[in-house]
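Undergrad: Next comes the structure file coords.cif, holding mmCIF, C-alpha atoms and all ligand atoms.
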```
data_input
loop_
_atom_site.label_atom_id
_atom_site.label_comp_id
_atom_site.auth_asym_id
_atom_site.auth_seq_id
_atom_site.Cartn_x
_atom_site.Cartn_y
_atom_site.Cartn_z
CA MET V 1 -20.12 16.18 10.55
CA GLY V 2 -20.42 14.35 13.89
CA LYS V 3 -22.19 11.38 12.39
CA ALA V 4 -20.88 11.67 8.85
CA SER V 5 -18.79 8.84 7.48
CA LEU V 6 -16.23 9.10 4.72
CA ALA V 7 -16.73 5.46 3.76
CA LYS V 8 -20.52 5.82 3.64
CA ALA V 9 -20.22 9.02 1.61
CA TYR V 10 -18.12 7.27 -1.05
CA ALA V 11 -19.84 3.87 -0.85
CA PRO V 12 -21.56 4.41 -4.23
CA TRP V 13 -18.10 4.44 -5.84
CA PHE V 14 -15.47 2.52 -3.88
CA LYS V 15 -14.34 1.38 -0.45
CA VAL V 16 -12.40 3.90 1.62
CA GLY V 17 -9.62 2.37 3.67
CA ALA V 18 -6.88 3.23 6.13
CA ALA V 19 -3.59 1.67 7.09
CA VAL V 20 -3.84 0.70 10.76
CA ASN V 21 -1.48 -0.97 13.20
CA HIS V 22 -1.75 -2.87 16.46
CA ARG V 23 -1.65 0.43 18.41
CA THR V 24 -4.03 2.53 16.29
CA ILE V 25 -6.82 -0.06 16.30
CA LYS V 26 -7.07 0.94 19.97
CA SER V 27 -5.96 4.59 20.04
CA HIS V 28 -7.86 5.47 16.83
CA GLY V 29 -10.55 2.78 17.01
CA PRO V 30 -13.68 4.98 16.97
CA LEU V 31 -12.36 7.04 14.05
CA ILE V 32 -11.54 3.92 12.02
CA VAL V 33 -14.95 2.39 12.66
CA GLN V 34 -16.81 5.59 11.76
CA HIS V 35 -14.97 6.54 8.60
CA PHE V 36 -13.41 3.50 6.94
CA ASN V 37 -14.69 0.22 5.52
CA SER V 38 -11.35 -1.34 4.58
CA VAL V 39 -8.09 -1.61 6.50
CA THR V 40 -4.53 -2.60 5.69
CA ALA V 41 -2.02 -3.65 8.35
CA GLU V 42 0.77 -1.07 8.17
CA ASN V 43 3.51 -3.56 9.11
CA GLU V 44 1.98 -6.56 10.84
CA MET V 45 1.54 -8.80 7.78
CA LYS V 46 4.98 -8.18 6.31
CA PHE V 47 7.42 -11.09 6.09
CA GLU V 48 9.56 -10.01 9.06
CA SER V 49 6.46 -9.60 11.24
CA LEU V 50 4.86 -12.96 10.45
CA HIS V 51 7.86 -15.16 9.79
CA LYS V 52 10.90 -13.86 11.66
CA ARG V 53 12.47 -17.33 11.96
CA PRO V 54 12.41 -20.16 9.41
CA ASP V 55 10.41 -22.61 11.51
CA SER V 56 7.72 -20.47 13.12
CA PHE V 57 5.01 -17.99 12.25
CA SER V 58 3.61 -15.34 14.60
CA PHE V 59 0.17 -14.28 13.53
CA ASP V 60 -0.97 -12.71 16.82
CA GLN V 61 -0.75 -9.00 16.04
CA ALA V 62 -2.04 -9.42 12.50
CA ASP V 63 -4.89 -11.57 13.78
CA ASP V 64 -5.80 -8.88 16.33
CA ILE V 65 -6.16 -6.38 13.50
CA LEU V 66 -8.27 -8.81 11.48
CA ASP V 67 -10.47 -9.49 14.53
CA PHE V 68 -10.93 -5.76 15.05
CA ALA V 69 -11.89 -5.33 11.39
CA THR V 70 -14.28 -8.27 11.17
CA SER V 71 -15.99 -7.42 14.44
CA HIS V 72 -16.85 -4.01 12.93
CA GLY V 73 -17.76 -5.24 9.46
CA ILE V 74 -14.62 -3.74 7.94
CA ALA V 75 -12.92 -5.52 5.03
CA MET V 76 -9.17 -6.18 5.11
CA ARG V 77 -6.45 -6.06 2.46
CA GLY V 78 -3.28 -8.14 2.84
CA HIS V 79 0.07 -6.33 2.67
CA THR V 80 2.48 -7.79 1.55
CA LEU V 81 3.87 -11.22 0.59
CA VAL V 82 7.04 -10.60 -1.41
CA TRP V 83 9.14 -7.47 -0.99
CA HIS V 84 12.85 -6.62 -0.74
CA ASN V 85 12.25 -4.64 2.50
CA GLN V 86 11.19 -5.88 5.93
CA THR V 87 12.22 -9.41 5.03
CA PRO V 88 14.57 -11.24 7.43
CA SER V 89 18.04 -12.09 6.18
CA TRP V 90 17.55 -15.84 6.71
CA VAL V 91 15.27 -15.74 3.68
CA PHE V 92 18.15 -14.77 1.42
CA LEU V 93 21.21 -16.22 3.23
CA ASP V 94 21.86 -19.67 4.65
CA ASP V 95 23.48 -20.45 8.05
CA GLN V 96 26.92 -19.87 6.59
CA GLY V 97 25.92 -16.50 5.15
CA ARG V 98 25.89 -17.82 1.59
CA GLU V 99 23.27 -16.62 -0.86
CA ARG V 100 20.60 -19.26 -1.15
CA PRO V 101 20.19 -20.78 -4.62
CA ARG V 102 17.00 -20.45 -6.69
CA ALA V 103 15.40 -23.74 -5.61
CA GLU V 104 15.76 -22.93 -1.92
CA MET V 105 14.46 -19.39 -2.38
CA LEU V 106 11.43 -20.65 -4.26
CA GLY V 107 10.82 -23.24 -1.54
CA ILE V 108 10.89 -20.52 1.12
CA MET V 109 8.67 -18.22 -0.91
CA ARG V 110 6.16 -21.00 -1.54
CA HIS V 111 6.11 -22.06 2.11
CA HIS V 112 5.62 -18.47 3.29
CA ILE V 113 2.89 -17.59 0.81
CA HIS V 114 1.01 -20.85 1.31
CA ALA V 115 1.07 -20.53 5.11
CA VAL V 116 0.06 -16.88 5.20
CA VAL V 117 -2.56 -16.84 2.46
CA LYS V 118 -4.17 -20.06 3.72
CA HIS V 119 -4.23 -18.69 7.27
CA TYR V 120 -6.29 -15.75 6.00
CA GLN V 121 -8.22 -17.57 3.28
CA SER V 122 -11.67 -16.03 2.71
CA LYS V 123 -10.94 -13.37 5.36
CA ILE V 124 -8.67 -11.10 3.34
CA TYR V 125 -10.26 -9.78 0.13
CA CYS V 126 -7.06 -8.94 -1.73
CA TRP V 127 -3.31 -9.36 -1.42
CA ASP V 128 -0.40 -7.16 -2.42
CA VAL V 129 1.42 -10.25 -3.66
CA VAL V 130 4.54 -8.40 -4.81
CA ASN V 131 5.47 -4.94 -3.60
CA GLU V 132 7.75 -2.37 -5.27
CA ALA V 133 9.61 -4.62 -7.72
CA VAL V 134 10.04 -1.98 -10.43
CA ALA V 135 13.20 0.15 -10.73
CA ASP V 136 12.84 3.91 -10.21
CA SER V 137 15.58 4.78 -12.68
CA GLY V 138 17.58 3.26 -15.52
CA ASP V 139 16.35 1.12 -18.41
CA GLU V 140 15.74 -2.08 -16.49
CA ILE V 141 12.16 -2.82 -15.53
CA LEU V 142 12.97 -4.72 -12.33
CA ARG V 143 14.95 -3.20 -9.48
CA PRO V 144 18.00 -5.09 -8.23
CA SER V 145 16.97 -7.26 -5.26
CA PRO V 146 17.90 -10.61 -3.75
CA TRP V 147 14.65 -12.02 -5.17
CA LEU V 148 15.68 -11.01 -8.68
CA LYS V 149 19.31 -12.01 -8.26
CA GLN V 150 18.77 -15.37 -6.62
CA VAL V 151 15.50 -16.51 -8.23
CA GLY V 152 15.48 -14.71 -11.58
CA GLU V 153 12.92 -12.59 -13.41
CA ASP V 154 10.14 -15.12 -12.94
CA TYR V 155 10.03 -14.55 -9.18
CA LEU V 156 6.94 -12.40 -9.58
CA ALA V 157 5.09 -15.00 -11.65
CA GLN V 158 5.97 -17.67 -9.08
CA ALA V 159 4.70 -15.53 -6.22
CA PHE V 160 1.36 -14.92 -7.93
CA TRP V 161 0.94 -18.65 -8.66
CA TYR V 162 1.70 -19.60 -5.06
CA ALA V 163 -0.87 -17.06 -3.83
CA TYR V 164 -3.46 -18.28 -6.31
CA GLU V 165 -2.90 -21.91 -5.25
CA SER V 166 -3.62 -20.86 -1.67
CA ASP V 167 -6.74 -18.76 -2.21
CA ASN V 168 -8.31 -18.58 -5.64
CA GLN V 169 -10.95 -16.10 -4.47
CA ALA V 170 -8.72 -13.28 -3.21
CA ALA V 171 -7.83 -10.52 -5.68
CA LEU V 172 -4.09 -10.60 -6.33
CA TYR V 173 -2.35 -7.24 -6.74
CA TYR V 174 0.98 -5.83 -7.86
CA ASN V 175 1.62 -2.72 -5.70
CA ASP V 176 4.09 0.14 -6.29
CA TYR V 177 4.96 3.80 -5.61
CA ASN V 178 5.84 6.66 -7.99
CA GLU V 179 3.29 4.86 -10.10
CA THR V 180 2.05 8.05 -11.76
CA ASP V 181 5.52 9.09 -12.94
CA PRO V 182 5.26 8.57 -16.72
CA ILE V 183 8.52 6.61 -17.03
CA LYS V 184 7.89 4.32 -14.08
CA ARG V 185 4.24 4.02 -15.12
CA GLU V 186 5.30 2.50 -18.43
CA LYS V 187 7.60 0.04 -16.68
CA ILE V 188 4.80 -1.09 -14.37
CA TYR V 189 2.48 -1.34 -17.36
CA ARG V 190 4.97 -3.51 -19.27
CA LEU V 191 5.65 -5.73 -16.27
CA VAL V 192 1.98 -6.40 -15.60
CA LYS V 193 1.28 -6.87 -19.31
CA GLN V 194 4.02 -9.49 -19.54
CA LEU V 195 2.55 -11.33 -16.56
CA LEU V 196 -0.95 -11.21 -18.03
CA ASP V 197 0.37 -12.41 -21.41
CA GLN V 198 1.93 -15.41 -19.63
CA GLY V 199 -1.42 -16.24 -18.04
CA VAL V 200 -0.21 -15.39 -14.53
CA PRO V 201 -3.13 -14.88 -12.09
CA ILE V 202 -2.71 -11.15 -11.46
CA HIS V 203 -5.94 -9.25 -10.97
CA GLY V 204 -5.05 -5.73 -9.99
CA ILE V 205 -2.56 -2.90 -9.73
CA GLY V 206 -2.15 -1.09 -6.44
CA MET V 207 -1.27 2.56 -6.98
CA GLN V 208 0.27 3.65 -3.69
CA GLY V 209 -0.39 7.38 -4.08
CA HIS V 210 2.23 8.99 -1.85
CA PHE V 211 1.98 12.59 -3.05
CA LYS V 212 3.52 15.95 -2.18
CA LEU V 213 1.87 19.35 -2.54
CA ASN V 214 4.28 20.73 -5.12
CA THR V 215 4.71 17.66 -7.30
CA ILE V 216 1.26 16.07 -7.41
CA ASN V 217 0.08 16.17 -11.00
CA LEU V 218 -3.56 15.35 -11.66
CA ASP V 219 -2.92 14.82 -15.37
CA HIS V 220 -0.34 12.18 -14.49
CA VAL V 221 -2.72 10.52 -12.04
CA LYS V 222 -5.42 10.38 -14.71
CA ALA V 223 -3.00 9.08 -17.35
CA ALA V 224 -1.84 6.33 -14.98
CA LEU V 225 -5.42 5.29 -14.17
CA ASP V 226 -6.19 5.14 -17.91
CA ARG V 227 -3.03 3.24 -18.77
CA TYR V 228 -3.38 0.62 -16.05
CA ALA V 229 -7.12 0.24 -16.65
CA SER V 230 -6.37 -0.49 -20.32
CA LEU V 231 -4.82 -3.78 -19.17
CA GLY V 232 -8.25 -4.95 -18.04
CA VAL V 233 -7.16 -5.35 -14.40
CA ARG V 234 -8.82 -3.92 -11.26
CA LEU V 235 -7.24 -0.87 -9.60
CA GLN V 236 -6.90 0.38 -6.05
CA ILE V 237 -5.26 3.43 -4.52
CA THR V 238 -3.46 1.63 -1.71
CA GLU V 239 -1.40 4.11 0.35
CA LEU V 240 -2.72 7.61 -0.23
CA ASP V 241 -1.28 10.62 1.59
CA ILE V 242 -0.33 14.18 0.68
CA SER V 243 2.74 15.52 2.46
CA LEU V 244 2.59 19.22 3.33
CA TYR V 245 6.25 19.60 2.35
CA ASP V 246 7.63 20.27 -1.09
CA ALA V 247 9.93 17.58 -2.42
CA ASP V 248 13.15 19.56 -1.80
CA ASP V 249 12.14 21.05 1.57
CA ARG V 250 14.46 19.93 4.40
CA THR V 251 13.22 22.19 7.22
CA THR V 252 12.95 20.41 10.54
CA ASP V 253 11.55 22.89 13.05
CA VAL V 254 7.94 23.28 11.89
CA LYS V 255 5.70 23.00 14.94
CA SER V 256 2.25 23.35 13.41
CA PRO V 257 0.80 23.05 9.92
CA ASP V 258 0.57 26.19 7.77
CA PRO V 259 -3.17 26.94 7.20
CA ASP V 260 -2.51 27.92 3.57
CA ARG V 261 -0.90 24.55 2.96
CA LEU V 262 -3.79 22.75 4.66
CA ALA V 263 -6.16 24.57 2.29
CA LEU V 264 -4.06 23.53 -0.71
CA GLN V 265 -3.98 19.98 0.62
CA ALA V 266 -7.79 20.03 0.82
CA ASP V 267 -7.96 21.22 -2.79
CA ARG V 268 -5.72 18.37 -3.93
CA TYR V 269 -7.62 15.74 -1.92
CA GLY V 270 -10.87 17.09 -3.35
CA GLU V 271 -9.58 16.93 -6.92
CA LEU V 272 -8.18 13.43 -6.42
CA PHE V 273 -11.39 11.99 -4.99
CA ALA V 274 -13.46 13.69 -7.72
CA LEU V 275 -11.19 12.03 -10.28
CA PHE V 276 -11.36 8.68 -8.51
CA THR V 277 -15.17 8.67 -8.62
CA GLU V 278 -14.91 8.89 -12.42
CA TYR V 279 -13.00 5.59 -12.35
CA ALA V 280 -15.42 3.75 -10.06
CA SER V 281 -16.00 1.05 -12.67
CA VAL V 282 -12.37 -0.11 -12.29
CA LEU V 283 -11.36 1.34 -8.92
CA ASP V 284 -12.35 -0.85 -5.97
CA ALA V 285 -10.85 0.98 -2.99
CA VAL V 286 -9.00 4.12 -1.98
CA THR V 287 -6.87 3.56 1.13
CA LEU V 288 -5.17 6.31 3.15
CA TRP V 289 -1.76 5.36 4.57
CA GLY V 290 -2.72 6.05 8.16
CA VAL V 291 -5.69 7.34 10.16
CA ALA V 292 -4.74 10.69 11.72
CA ASP V 293 -1.76 13.03 11.64
CA ASP V 294 -0.56 12.10 15.14
CA GLU V 295 0.74 8.78 13.85
CA ASN V 296 2.05 8.68 10.29
CA TRP V 297 5.17 7.34 8.58
CA LEU V 298 6.08 10.74 7.08
CA ASP V 299 7.00 12.10 10.53
CA ASP V 300 10.31 10.36 9.93
CA PHE V 301 10.61 10.40 6.18
CA PRO V 302 12.39 11.75 4.22
CA VAL V 303 13.63 13.98 7.08
CA LYS V 304 14.16 12.13 10.36
CA GLY V 305 12.10 13.53 13.23
CA ARG V 306 10.25 16.11 11.12
CA LYS V 307 6.51 16.38 11.75
CA ASP V 308 4.16 16.11 8.77
CA TRP V 309 0.37 16.40 8.42
CA PRO V 310 -0.51 14.25 5.40
CA LEU V 311 -3.87 12.68 6.35
CA LEU V 312 -7.54 13.66 6.70
CA PHE V 313 -7.73 13.90 10.52
CA ASP V 314 -5.52 16.10 12.69
CA GLY V 315 -3.43 15.16 15.70
CA GLU V 316 -6.50 15.43 17.95
CA HIS V 317 -8.43 13.11 15.63
CA GLN V 318 -10.60 15.98 14.41
CA PRO V 319 -11.61 16.34 10.74
CA LYS V 320 -9.25 18.55 8.73
CA VAL V 321 -10.45 20.89 5.97
CA ALA V 322 -9.58 18.13 3.52
CA LEU V 323 -12.02 15.71 5.16
CA LYS V 324 -14.76 18.35 5.14
CA ARG V 325 -14.08 18.94 1.45
CA LEU V 326 -14.42 15.26 0.63
CA LEU V 327 -17.75 15.05 2.45
CA ASP V 328 -19.11 18.35 1.09
CA GLN V 329 -18.36 17.55 -2.53
CA VAL V 330 -20.59 14.47 -2.43
CA ASP V 331 -23.23 16.11 -0.21
CA ALA V 332 -22.63 13.71 2.67
O1 LIG X 1 4.32 2.80 7.12
C1 LIG X 1 5.32 1.82 7.14
C2 LIG X 1 6.37 2.16 8.19
O2 LIG X 1 5.82 2.08 9.49
C3 LIG X 1 7.56 1.24 8.06
O3 LIG X 1 8.59 1.68 8.95
C4 LIG X 1 8.07 1.23 6.64
C5 LIG X 1 9.26 0.30 6.51
O4 LIG X 1 9.58 0.01 5.21
O5 LIG X 1 7.02 0.82 5.77
C6 LIG X 1 5.96 1.73 5.77
O6 LIG X 1 4.99 1.36 4.83
C7 LIG X 1 5.41 1.32 3.47
C8 LIG X 1 4.59 0.27 2.77
O7 LIG X 1 4.70 -0.96 3.44
C9 LIG X 1 5.01 0.10 1.33
N1 LIG X 1 5.00 1.36 0.62
C10 LIG X 1 5.66 2.48 1.27
C11 LIG X 1 5.16 2.63 2.70
C12 LIG X 1 5.78 3.85 3.37
O8 LIG X 1 7.16 3.69 3.50
#
```
What is this file in structure tokens?

TA:
Amino acid sequence: MGKASLAKAYAPWFKVGAAVNHRTIKSHGPLIVQHFNSVTAENEMKFESLHKRPDSFSFDQADDILDFATSHGIAMRGHTLVWHNQTPSWVFLDDQGRERPRAEMLGIMRHHIHAVVKHYQSKIYCWDVVNEAVADSGDEILRPSPWLKQVGEDYLAQAFWYAYESDNQAALYYNDYNETDPIKREKIYRLVKQLLDQGVPIHGIGMQGHFKLNTINLDHVKAALDRYASLGVRLQITELDISLYDADDRTTDVKSPDPDRLALQADRYGELFALFTEYASVLDAVTLWGVADDENWLDDFPVKGRKDWPLLFDGEHQPKVALKRLLDQVDA
């Protein structure tokens, strides 16, 4: 176990990645280097991080993460170019607070994508070009957003073309959550099919993979992998985690993880990775959304301040039963 590496164990099938940030590349550095061969910046490459004001870019923190990765031979994904969240309001509103018209929005989008993708050209192996554009409910495929309202439905196609113009070697992904839900799955499928039919340079679908113990459904995961793969695009699991809480659980005072739940979590991780290895011909990487349980986004979501234990390493950076399961089942 001491010398074992999750990424080496699964290297015959796919890369194994982790979301990292400018703190965890230091605090969790040894763990990242030992167990992962791909990283994603958790927040540092988002629009508001790189391009807070119209006339300047700040690449420092994102560059630090890239330097960390390259100095250890770790590949890096880019996350994310066009999203409705974590995007400064100047992108959507002019100085007078008026909604910017289509031409201005496209100019801003093009400028942003060109600057960012060219900055990282040949250093970032794939980009989440558009993130979470599909509606969770209702009949519409696209969720309401300023991008949709002010540019129109072709905003996704435009984003992919701008990225392709800037780096025609990087793999360009559409990335979304609840992607294994059968209704949302079909919307994502239709969206990506339309883009492919129009000749848009879209190469992959990022399946985020934020699961919960009581709702994760392996049949749905398999059906989604099959459905998306049928489009002839590459696939990645981009943000994997398994919350220890059931979907409707709102308790706040849990101080330590329940061992029975950790065992169930290990079972689910084991089943997922076994399934993923069956899709190695289309699945290029499986990325966890964090490194260890001491720093993870679910500590605040969906219940503010509630501790969760969704990852493969515990708060002391020690392997959890889930990590042992993943190594044991491939004889690492
Ligand atoms: O993990 C990220 C967290 O630190 C941010 O506060 C949050 C803000 O939107 O974004 C989190 O990452 C999200 C990712 O960028 C896109 N998919 C959902 C992730 C979890 O919310």

Undergrad: Can you tell me which residues surround V:Gly73 at a distance of at most 8 Å, considering only C-alpha atoms, apart from same-chain residues fewer than 3 positions away, and format the answer as a list of chain:residue names?

TA: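 So the residues in contact are V:Asn37, V:Ala69, V:Thr70.
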
Undergrad: Atom CA of V:Gln208 and atom CA of V:Lys123 are how many Å apart?

TA: 22.3 Å

Undergrad: To check your reading of the model: which residues sit at most 10 Å from ligand LIG 1 (chain X) when counting only C-alpha atoms and all ligand atoms? Write the answer as a PyMOL selection string.

TA: chain V and resi 19-21+40-46+79-80+83-87+128+131-132+175-177+207-210+238-241+289-290+295-298+300-302

Undergrad: For V:Phe47, which residue among V:Arg261, V:His111, V:Lys149, V:Arg23 is the nearest when counting all atoms listed in the file?

TA: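 Using all atoms listed in the file, the shortest distance to V:Phe47 belongs to V:His111.
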
Undergrad: Of the candidates V:Gln121, V:Ser145, V:Asn217, V:Ser281, which one gets nearest to V:Tyr164 if we count all atoms listed in the file?

TA: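 Using all atoms listed in the file, V:Tyr164 sits closest to V:Gln121.
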
Undergrad: In Å, rounded to a single decimal, give me how far atom CA of V:Ala7 is from atom CA of V:Trp309.

TA: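 Taking atom CA of V:Trp309 as the start and atom CA of V:Ala7 as the end point, the length is 20.8 Å.
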
Undergrad: Can you work out the spacing between atom CA of V:Arg185 and atom CA of V:Val129 in Å, to one decimal?

TA: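 Those two atoms sit 18.5 Å apart.
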
Undergrad: Restricting the calculation to only C-alpha atoms: of V:Val82, V:Ala266, V:Ala224, V:Ile216, which residue gets closest to V:Gln158?

TA: V:Val82

Undergrad: Take every atom of stretch 46-63 of chain V listed in the file, fit an axis-aligned box around them, add 8 Å per side, and give the centre and edge lengths in Å to one decimal as lines of an AutoDock Vina configuration file.

TA:
```
center_x = 3.8
center_y = -15.4
center_z = 11.5
size_x = 33.4
size_y = 30.4
size_z = 26.7
```

Undergrad: Of the residues V:Arg325, V:Lys3, V:Arg100, V:Lys52, which is the one nearest to V:Gly270, using all atoms listed in the file?

TA: V:Arg325

Undergrad: Rank V:Gly204, V:Gly78, V:Pro101, V:Pro12 by their smallest atom-to-atom distance to V:Lys118, using all atoms listed in the file, and report the top residue only.

TA: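 So, comparing all the options, the nearest one is V:Gly78.
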
Undergrad: Please provide as a VMD selection string all residues within 8 Å of V:Val117, with the sequence filter that same-chain residues fewer than 6 positions apart are discarded (counting all atoms listed in the file).

TA: chain V and resid 163 166 to 167

Undergrad: Quick one: of V:Ile141, V:Leu148, V:Leu195, V:Leu323, who's nearest to V:Leu311, counting only C-alpha atoms?

TA: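 Distance minimum relative to V:Leu311 lands on V:Leu323.
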
Undergrad: Near V:Glu271, within 10 Å and counting all atoms listed in the file, which residues show up once chain neighbours fewer than 6 positions away are dropped, as a PyMOL selection string?

TA: chain V and resi 218+265+325-326+329

Undergrad: Put those residues in a file: C-alpha atoms, as a compact mmCIF listing (two decimals), keeping the file's coordinate frame.

TA:
```txt
# COMPACT_ATOMS: atom_id res chain seq x y z
CA LEU V 218 -3.56 15.35 -11.66
CA GLN V 265 -3.98 19.98 0.62
CA ARG V 325 -14.08 18.94 1.45
CA LEU V 326 -14.42 15.26 0.63
CA GLN V 329 -18.36 17.55 -2.53
```

Undergrad: Show which residues sit within 9 Å of V:Pro146, as a PyMOL selection string. Count only C-alpha atoms, and ignore same-chain residues fewer than 5 positions away.

TA: chain V and resi 84+92+99+151

Undergrad: Within 10 Å of V:His51, counting all atoms listed in the file, which residues show up once you throw out same-chain ones fewer than 3 positions away? Write them as a list in words, please.

TA: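 So, after excluding close chain neighbours, the residues are Met45, Lys46, Phe47, Glu48, Pro54, Asp55, Ser56, Phe57, Ser58, Phe59, Thr87, Pro88, Val91, His112, Ala115 and Val116 of chain V.
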
Undergrad: Would you be able to write out as a PyMOL selection string which residues have an atom within 12 Å of (-7.2, 4.1, 18.9) in the file's coordinates, counting all atoms listed in the file?

TA: chain V and resi 20-33+65+68+290-292+294-295+316-317
